[in-house]
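Step one of this worksheet: look at the structure below.
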Number of protein chains: 2
Amino acid sequence: MGFNEAKSAFVPEDATKFESFEPAIQAYNQDVVNQMEKFDPEFYAKCVAEIPTAEILDSQPINAISFLSLLSPQEQTIVAEFTIEDLTQKQLSGELTAVAIAKAFIKASIVAQLTTNCVMQFMIPEALQRAQELDDYLQANHKLVGPFHGVVVSLKEHMNVKDKITCASYVAYLTNIPTNEAVSITILYKMGAVFHARTAQPQGIMHLDTWNNISGRTRNPRSTRLSPGGSSGGESAMVAMRGSVIGVGSDIGGSIRAPAAFTDIFGIRPTTRRISLMNGLSSGKGQESIVAVQGPLARSIDELDTYMRVYINEGKPWLYDPLCVPLQWREPKLPKKIRIGVLYDDNLVTPFPAITRGMKSTVAKLSETAEFEFVNLNPKWFSEKEMVDIYTTNLRLYTCDGNKVQLEMWGPSGEPLLPLTKHYMKFGGGKELSIYDNKMLNAQRDALKVEMLQKYFSDVDFILSPTYNGPAEMPAESLYWGYTSFWNLLDYPNVVFPVNVAHDVKKDAQIPELKQNMYEKMVWYKENGDIRYDPESYIGGPVALQLTGNRFCDEDVVALTKKFVTTLGIERR
Amino acid sequence: MGFNEAKSAFVPEDATKFESFEPAIQAYNQDVVNQMEKFDPEFYAKCVAEIPTAEILDSQPINAISFLSLLSPQEQTIVAEFTIEDLTQKQLSGELTAVAIAKAFIKASIVAQLTTNCVMQFMIPEALQRAQELDDYLQANHKLVGPFHGVVVSLKEHMNVKDKITCASYVAYLTNIPTNEAVSITILYKMGAVFHARTAQPQGIMHLDTWNNISGRTRNPRSTRLSPGGSSGGESAMVAMRGSVIGVGSDIGGSIRAPAAFTDIFGIRPTTRRISLMNGLSSGKGQESIVAVQGPLARSIDELDTYMRVYINEGKPWLYDPLCVPLQWREPKLPKKIRIGVLYDDNLVTPFPAITRGMKSTVAKLSETAEFEFVNLNPKWFSEKEMVDIYTTNLRLYTCDGNKVQLEMWGPSGEPLLPLTKHYMKFGGGKELSIYDNKMLNAQRDALKVEMLQKYFSDVDFILSPTYNGPAEMPAESLYWGYTSFWNLLDYPNVVFPVNVAHDVKKDAQIPELKQNMYEKMVWYKENGDIRYDPESYIGGPVALQLTGNRFCDEDVVALTKKFVTTLGIERR
């Protein structure tokens, strides 16, 4: 069955059908407003009065984080200053209660919602009740429930919450109410976490942006007219806004890493099978060519480390999810002299000037430390021709079923297809492949995995590269996934970290020498042949880099990031 | 593209084309004869004189192991009595040399070949040279190369050997000479192993029997007219004949376990991703719905344990193969009271009487030990209807590309398709599926994996079941894979072990009550509706059972098998 047949079998974009879902959409969104208002009517009114209108936020490079001044000084301290360790210790010592912590983060998340529109569903009453139970437990037992006692965690909405609508931004799934819950939620709950908000993902969960037909588009806290990245852009906005301590995202092509980079925070895409993805809604079921993975976003690398260690070693996800490997989060092993390959450019799409500048200044600064040895990987990297082939394979594997599963999930609502959805559907041609062709592409992928191990990781211990070709994009303009999706194809783990470099309209105005391949043209040129790159667009856009390690050596990637962060003087966000 | 189109694109069975490959086949087989003769002309002549003709071996239930009397008493002791530990210790103490060990096993493997036709390619000169190098090393350095120093290991032929024909029984691949070698060979070589023979697998490596168009059919050492199982039937015959200490096989539907059971030895199908399959020839590349796995066959459970521990903990396959998980072979963890679910019947195909008798007597004997608690799983197991559905899914996933890869590999030689090849090609209908359908079947499989964990392994620690519906089959009659392939579909690890029960013409004559489903009919009835089961066929056929544990708990399955073996008094074979 070809693409057209598939399309006819699963028709999206039916305005009449879509209209019939309007009441469900409105009710769903109204609940967000109601919960904010009910929590603290006075605070809510003050926020609404002070925070600019959507029109202004959408059109101006406003730093939304400044609106956290709407919180009391003590609340500001709680959400801004305290790490997981601080929060739990201060509860143990009696300095803070789980309820006080929850209230502070709920307020920050309300500011986050009103500025960035990052929330799909609040769970404020549940969070407050849970926090009270935690306080009661601590008082009665003189100990914490677990290492995340009272720690406020936001959840990408497509993770199943029992008895709550779970739609994954598919309009047709606004009636979907799971009877089970995501394994990760079970684990985090056992460790003491408090859940207050479920955050936005784009249509089909397949944009490096966050825009859907239910909650609309999410904004970037660093500049509200920019995209927060995607698909975990609700999480990146929430965490960067200090609306939660940890945001649980997921990544099949860059969906944790692009959002982390676009909002200047930290994110990890672990090797698959260490963190559970079980019990969630997506188009990915039964798809194995490129496997999605769940992972945290946070404001410091130490908290990512804590999350991974506690989740794996104490949570033991393999007890719930047979796809998880019972591999401990071990002590890191770093060589005395750490050899790092630097990929300034992936030989396919030239990064925007801010990225290249950030790469160079970071490598220069880190090179001052004798412990690190940097080697330019570009001359040894896959050629432009090879990269065109690899990236095309990458894209073809995403759409290898001719988008049938996606169309089947969009179809019943008739919801319109957004620009980046249409962009995604044409990935690699968007044609349905045969199983034979799929196997051959899988085999090419497996050969690449081996080549990465034997040719590159025999020479270097880590690879440092851009996370994305530019700083945060304007909405619906994140076109190229290659800097991140390459590592999903090969399944090598990455950490994204800020480097205290931001786009600069003057410094980053010069167009670099460009290549001729189709992906370079897609990114750098408009359809009429003019240059698309406009330095004015990226005001407020940060530069965050991507560090990649060997398979299942996630611990070492985190450990080296810690060293980088210390050397570069990167503070908790 | 449907099945017929695929067939027309990759035509097998072209007699003229096949004829042109005759010289290559003859040269390939002649080399086996030449190597045997050249090694020791006198011994070879004596063997040829004493061992019955192929016609007699094919038609009578001859125990081939008795012909090991052709070896000298000392050689018989070496091949029969000494474990891996014994062999290495006796080299260290100077009691044995690697060359003496190699010579004894080469002789046994010649007897194995002349009785069972288990070899595709000998590597006798290489083995002798290697053994001499090992002796020289030990003399010069007063230590062993590694824990397998001088241990003779046979290799399923589809594993790449550098610069040697590697055909995987595909006639068209008699010209295939790899430039790399199987990762497992690299690892075993580093540990000191000696390789002397590469063993037979069936056409397409997809029968539970061993018969191909190059080397012909392999016989069962326990009764030469029976099948040795397959697809690792060359290995089971070789190991049961004491032609090697360890046989390296592979399993995607029962291909280690059926051969181990048919020849009354031990075999393990580990959880995938612990042992490397990298660098080998098969139709499996890029196929992920049911993943093949490599594993050892041996004459004792202790040696399987040693193999797994050394291979994983010292071999570290993840340093070579990015698909391997860096998970140590840990100390086993068994509960004080071990609860074992017993599946006398899989609710789909009723086992032959010898199997049921062996299951019952084994459970009865083991139940005398207070440490074991047995619970009948049948009432709680998937219903007959569910099992029909599960097994059909299982089969459809094997042939989901409409057999295109297989046809592409058979096509160029025009080789005829053997009966069990045709049987395999029709698995689950043999139709090409769409990627969409493949995903849905994968999702069904993943749900089953979860159900196995949550419903069954929450109640029991292990599951004991038949390995196959009967004792060893007559050639080309191994039709039903379900007892083993079920565990490939779900990827739970198994060990197969003998229980000192063999088929008995009198005791096992009674036809049990039968079910009505299509798979039961396929196994129990002829096409004309008569009962197919004839107790006379299975003379010499052993009963060996299958123990299954939780995912990645291979160590515990091995540890419990050790306890069973001790309790049952099962000696090294």
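Naming scheme: A, B, ... for chains in displayed order of the structure tokens; residues 1 onward per chain; ligands 1 onward as shown.
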
Next item on the list: May I have the residues within 10 Å of Phe39 in chain A as a VMD selection string, using only C-alpha atoms and disregarding those fewer than 3 positions away in the same chain?
Entry: chain A and resid 34 to 36 42 to 44 103 106 to 107 110 124 to 125 128

Write the residues of the preceding selection, restricted to N, CA, C and O atoms, as a PDB file, in the first residue's frame.
ATOM      1  N   ASN A  34      -9.066  27.177  35.328  1.00  0.00           N
ATOM      2  CA  ASN A  34      -9.795  27.024  36.596  1.00  0.00           C
ATOM      3  C   ASN A  34      -8.875  26.630  37.742  1.00  0.00           C
ATOM      4  O   ASN A  34      -8.981  27.146  38.855  1.00  0.00           O
ATOM      5  N   GLN A  35      -7.988  25.707  37.462  1.00  0.00           N
ATOM      6  CA  GLN A  35      -7.097  25.242  38.534  1.00  0.00           C
ATOM      7  C   GLN A  35      -6.164  26.359  39.002  1.00  0.00           C
ATOM      8  O   GLN A  35      -5.917  26.516  40.199  1.00  0.00           O
ATOM      9  N   MET A  36      -5.660  27.160  38.042  1.00  0.00           N
ATOM     10  CA  MET A  36      -4.778  28.274  38.430  1.00  0.00           C
ATOM     11  C   MET A  36      -5.536  29.256  39.302  1.00  0.00           C
ATOM     12  O   MET A  36      -5.038  29.722  40.336  1.00  0.00           O
ATOM     13  N   GLU A  42      -6.146  35.563  44.209  1.00  0.00           N
ATOM     14  CA  GLU A  42      -5.451  36.853  44.284  1.00  0.00           C
ATOM     15  C   GLU A  42      -4.141  36.816  43.483  1.00  0.00           C
ATOM     16  O   GLU A  42      -3.846  37.706  42.687  1.00  0.00           O
ATOM     17  N   PHE A  43      -3.380  35.763  43.717  1.00  0.00           N
ATOM     18  CA  PHE A  43      -2.115  35.609  42.993  1.00  0.00           C
ATOM     19  C   PHE A  43      -2.377  35.532  41.493  1.00  0.00           C
ATOM     20  O   PHE A  43      -1.689  36.165  40.684  1.00  0.00           O
ATOM     21  N   TYR A  44      -3.396  34.778  41.136  1.00  0.00           N
ATOM     22  CA  TYR A  44      -3.709  34.609  39.724  1.00  0.00           C
ATOM     23  C   TYR A  44      -4.066  35.964  39.093  1.00  0.00           C
ATOM     24  O   TYR A  44      -3.572  36.310  38.016  1.00  0.00           O
ATOM     25  N   LYS A 103       3.639  24.616  47.060  1.00  0.00           N
ATOM     26  CA  LYS A 103       2.964  25.894  46.769  1.00  0.00           C
ATOM     27  C   LYS A 103       3.865  26.837  45.978  1.00  0.00           C
ATOM     28  O   LYS A 103       3.418  27.508  45.052  1.00  0.00           O
ATOM     29  N   ILE A 106       4.085  25.519  42.472  1.00  0.00           N
ATOM     30  CA  ILE A 106       2.804  25.716  41.776  1.00  0.00           C
ATOM     31  C   ILE A 106       2.703  27.170  41.312  1.00  0.00           C
ATOM     32  O   ILE A 106       2.305  27.453  40.177  1.00  0.00           O
ATOM     33  N   LYS A 107       3.100  28.081  42.163  1.00  0.00           N
ATOM     34  CA  LYS A 107       3.058  29.498  41.763  1.00  0.00           C
ATOM     35  C   LYS A 107       3.994  29.747  40.576  1.00  0.00           C
ATOM     36  O   LYS A 107       3.618  30.419  39.609  1.00  0.00           O
ATOM     37  N   ILE A 110       2.450  28.502  37.514  1.00  0.00           N
ATOM     38  CA  ILE A 110       1.373  29.377  37.014  1.00  0.00           C
ATOM     39  C   ILE A 110       1.991  30.528  36.204  1.00  0.00           C
ATOM     40  O   ILE A 110       1.513  30.864  35.125  1.00  0.00           O
ATOM     41  N   ILE A 124      -3.096  20.351  40.435  1.00  0.00           N
ATOM     42  CA  ILE A 124      -2.784  21.117  41.636  1.00  0.00           C
ATOM     43  C   ILE A 124      -3.392  20.524  42.907  1.00  0.00           C
ATOM     44  O   ILE A 124      -2.681  20.348  43.903  1.00  0.00           O
ATOM     45  N   PRO A 125      -4.687  20.157  42.890  1.00  0.00           N
ATOM     46  CA  PRO A 125      -5.231  19.589  44.142  1.00  0.00           C
ATOM     47  C   PRO A 125      -4.508  18.306  44.543  1.00  0.00           C
ATOM     48  O   PRO A 125      -4.213  18.097  45.730  1.00  0.00           O
ATOM     49  N   LEU A 128      -1.126  19.150  46.120  1.00  0.00           N
ATOM     50  CA  LEU A 128      -1.228  19.680  47.489  1.00  0.00           C
ATOM     51  C   LEU A 128      -1.558  18.574  48.488  1.00  0.00           C
ATOM     52  O   LEU A 128      -1.004  18.525  49.587  1.00  0.00           O
TER      53      LEU A 128
END

Check: Excluding same-chain residues fewer than 5 positions from Lys336 in chain A, what lies within 10 Å of it counting only C-alpha atoms, as a PyMOL selection string?
Finding: chain A and resi 370-372

Checklist line | Spatial neighbours of Tyr492 in chain A, max dist 12 Å, only C-alpha atoms, sep filter under 4 positions, as a PyMOL selection string | finding: (chain A and resi 268-273+290-291+293+448-450+452-453+457+462-463+484-488+546-554+557) or (chain B and resi 322-323)

Note to self: If the cut-off is 9 Å, can you tell me the residues of chain A near chain B, counting only C-alpha atoms? I'd like them as a PyMOL selection string.
What the structure shows: chain A and resi 1+284-289+318-323+325-328+400-405+432-436+438-446+449-450+452-454+550-552

From a DSSP calculation on the backbone, collect every residue of range 312-472 of chain A in strand (DSSP E or B) and output the set as a PDB file with N, CA and C atoms, in the first residue's frame.
ATOM      1  N   ILE A 338      41.651  13.046  29.217  1.00  0.00           N
ATOM      2  CA  ILE A 338      40.401  12.749  28.505  1.00  0.00           C
ATOM      3  C   ILE A 338      40.477  13.307  27.083  1.00  0.00           C
ATOM      4  N   ARG A 339      40.347  12.417  26.113  1.00  0.00           N
ATOM      5  CA  ARG A 339      40.484  12.817  24.705  1.00  0.00           C
ATOM      6  C   ARG A 339      39.094  13.023  24.114  1.00  0.00           C
ATOM      7  N   ILE A 340      38.836  14.228  23.648  1.00  0.00           N
ATOM      8  CA  ILE A 340      37.491  14.606  23.197  1.00  0.00           C
ATOM      9  C   ILE A 340      37.538  15.019  21.731  1.00  0.00           C
ATOM     10  N   GLY A 341      36.805  14.311  20.907  1.00  0.00           N
ATOM     11  CA  GLY A 341      36.677  14.688  19.502  1.00  0.00           C
ATOM     12  C   GLY A 341      35.703  15.844  19.376  1.00  0.00           C
ATOM     13  N   VAL A 342      36.073  16.843  18.597  1.00  0.00           N
ATOM     14  CA  VAL A 342      35.186  18.000  18.439  1.00  0.00           C
ATOM     15  C   VAL A 342      34.633  18.016  17.028  1.00  0.00           C
ATOM     16  N   PHE A 372      42.083  17.832  29.700  1.00  0.00           N
ATOM     17  CA  PHE A 372      41.303  17.626  28.467  1.00  0.00           C
ATOM     18  C   PHE A 372      42.191  17.783  27.239  1.00  0.00           C
ATOM     19  N   GLU A 373      42.035  16.857  26.305  1.00  0.00           N
ATOM     20  CA  GLU A 373      42.734  16.978  25.032  1.00  0.00           C
ATOM     21  C   GLU A 373      41.678  16.987  23.933  1.00  0.00           C
ATOM     22  N   PHE A 374      41.653  18.044  23.146  1.00  0.00           N
ATOM     23  CA  PHE A 374      40.640  18.149  22.096  1.00  0.00           C
ATOM     24  C   PHE A 374      41.250  17.856  20.731  1.00  0.00           C
ATOM     25  N   VAL A 375      40.504  17.114  19.923  1.00  0.00           N
ATOM     26  CA  VAL A 375      40.966  16.826  18.568  1.00  0.00           C
ATOM     27  C   VAL A 375      39.818  17.118  17.606  1.00  0.00           C
ATOM     28  N   ASN A 376      40.135  17.822  16.539  1.00  0.00           N
ATOM     29  CA  ASN A 376      39.114  18.182  15.554  1.00  0.00           C
ATOM     30  C   ASN A 376      38.694  16.938  14.771  1.00  0.00           C
ATOM     31  N   ASP A 401       6.549   3.629   7.795  1.00  0.00           N
ATOM     32  CA  ASP A 401       5.215   3.029   7.620  1.00  0.00           C
ATOM     33  C   ASP A 401       4.311   3.933   6.783  1.00  0.00           C
ATOM     34  N   GLU A 432       5.866   4.916   2.182  1.00  0.00           N
ATOM     35  CA  GLU A 432       5.840   3.650   2.901  1.00  0.00           C
ATOM     36  C   GLU A 432       6.880   2.710   2.305  1.00  0.00           C
ATOM     37  N   SER A 434       8.850  -1.183   2.186  1.00  0.00           N
ATOM     38  CA  SER A 434       8.574  -2.600   2.432  1.00  0.00           C
ATOM     39  C   SER A 434       9.372  -3.021   3.665  1.00  0.00           C
ATOM     40  N   PHE A 462      35.117  10.848  24.009  1.00  0.00           N
ATOM     41  CA  PHE A 462      33.828  11.543  23.928  1.00  0.00           C
ATOM     42  C   PHE A 462      33.801  12.377  22.642  1.00  0.00           C
ATOM     43  N   ILE A 463      32.606  12.800  22.266  1.00  0.00           N
ATOM     44  CA  ILE A 463      32.464  13.692  21.114  1.00  0.00           C
ATOM     45  C   ILE A 463      31.655  14.915  21.542  1.00  0.00           C
ATOM     46  N   LEU A 464      32.222  16.086  21.284  1.00  0.00           N
ATOM     47  CA  LEU A 464      31.538  17.346  21.600  1.00  0.00           C
ATOM     48  C   LEU A 464      31.040  17.955  20.294  1.00  0.00           C
ATOM     49  N   SER A 465      29.779  18.358  20.262  1.00  0.00           N
ATOM     50  CA  SER A 465      29.199  18.898  19.023  1.00  0.00           C
ATOM     51  C   SER A 465      28.099  19.893  19.349  1.00  0.00           C
ATOM     52  N   PRO A 466      27.613  20.611  18.353  1.00  0.00           N
ATOM     53  CA  PRO A 466      26.416  21.417  18.588  1.00  0.00           C
ATOM     54  C   PRO A 466      25.242  20.503  18.931  1.00  0.00           C
TER      55      PRO A 466
END

Next item on the list: Please provide as a PyMOL selection string all residues within 10 Å of Pro228 in chain A, with the sequence filter that same-chain residues fewer than 2 positions apart are discarded (counting only C-alpha atoms).
Entry: chain A and resi 116+118+208-210+217-226+230-238+240+258-264+472-475+541

Notebook entry, point to check: Tell me, which residues of range 63-301 of chain A carry DSSP helix (DSSP H, G or I), written as a ChimeraX atom specification?
Noted result: /A:64-70,73-81,84-92,98-116,124-141,171-175,183-190,203-205,233-240,257-262,301

Next item on the list: Compile the contact shell of Glu314 in chain A as a ChimeraX atom specification: residues with an atom at most 9 Å away, counting only C-alpha atoms, same-chain residues fewer than 3 positions apart removed.
Entry: /A:187,191,309-311,317

Notebook entry, point to check: So what do you get for CA of Glu386 in chain B versus CA of Asn469 in chain B, distance-wise?
Noted result: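 According to the coordinates, CA of Glu386 in chain B and CA of Asn469 in chain B are separated by 18.6 Å.
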
Next item on the list: Find the residue from A:Gln74, A:Thr362, A:Asn500, A:Ser227 that sits nearest to Pro61 in chain A; use only C-alpha atoms when measuring.
Entry: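 Result for the nearest residue to Pro61 in chain A: A:Ser227.
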
Check which residues of range 28-76 of chain A sit at most 12 Å from range 527-540 of chain A using only C-alpha atoms, and return one row each with the closest pair of atoms and their distance in Å to one decimal, ordered by chain and rising number, as JSON lines.
{"residue": "A:Ser59", "atom": "CA", "partner": "A:Ser537", "partner_atom": "CA", "distance": 10.6}
{"residue": "A:Gln60", "atom": "CA", "partner": "A:Ile539", "partner_atom": "CA", "distance": 9.7}
{"residue": "A:Pro61", "atom": "CA", "partner": "A:Ile539", "partner_atom": "CA", "distance": 6.7}
{"residue": "A:Ile62", "atom": "CA", "partner": "A:Gly540", "partner_atom": "CA", "distance": 8.4}
{"residue": "A:Asn63", "atom": "CA", "partner": "A:Gly540", "partner_atom": "CA", "distance": 7.9}
{"residue": "A:Ala64", "atom": "CA", "partner": "A:Gly540", "partner_atom": "CA", "distance": 11.1}

Emit the selected residues as a PDB file, in the first residue's frame, including N, CA and C atoms.
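Okay, this is what ended up in out.pdb:
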ATOM      1  N   SER A  59       5.305  38.230  19.984  1.00  0.00           N
ATOM      2  CA  SER A  59       5.988  39.069  18.993  1.00  0.00           C
ATOM      3  C   SER A  59       7.261  39.722  19.523  1.00  0.00           C
ATOM      4  N   GLN A  60       7.496  39.660  20.818  1.00  0.00           N
ATOM      5  CA  GLN A  60       8.668  40.340  21.370  1.00  0.00           C
ATOM      6  C   GLN A  60       9.609  39.377  22.109  1.00  0.00           C
ATOM      7  N   PRO A  61      10.893  39.723  22.134  1.00  0.00           N
ATOM      8  CA  PRO A  61      11.858  38.845  22.807  1.00  0.00           C
ATOM      9  C   PRO A  61      11.875  39.082  24.314  1.00  0.00           C
ATOM     10  N   ILE A  62      10.774  38.732  24.958  1.00  0.00           N
ATOM     11  CA  ILE A  62      10.638  38.998  26.393  1.00  0.00           C
ATOM     12  C   ILE A  62      11.239  37.850  27.214  1.00  0.00           C
ATOM     13  N   ASN A  63      11.986  38.214  28.249  1.00  0.00           N
ATOM     14  CA  ASN A  63      12.517  37.209  29.164  1.00  0.00           C
ATOM     15  C   ASN A  63      11.463  36.924  30.224  1.00  0.00           C
ATOM     16  N   ALA A  64      10.827  35.749  30.114  1.00  0.00           N
ATOM     17  CA  ALA A  64       9.694  35.436  30.994  1.00  0.00           C
ATOM     18  C   ALA A  64      10.123  35.172  32.428  1.00  0.00           C
TER      19      ALA A  64
END

Note to self: Between CA of Pro332 in chain A and CA of Lys190 in chain A, what distance in Å does the model show, to one decimal?
What the structure shows: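 CA of Lys190 in chain A lies 25.9 Å from CA of Pro332 in chain A.
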
Next item on the list: Find the residue from A:Asp302, A:Glu368, A:Glu181, A:Asp504 that sits nearest to Leu560 in chain A; use only C-alpha atoms when measuring.
Entry: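 Comparing A:Asp302, A:Glu368, A:Glu181, A:Asp504 against Leu560 in chain A, the winner is A:Asp302.
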
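Nearest residue to Leu545 in chain A among A:Leu407, A:Val32, A:Ile355, A:Ala140 is A:Ile355, counting only C-alpha atoms.
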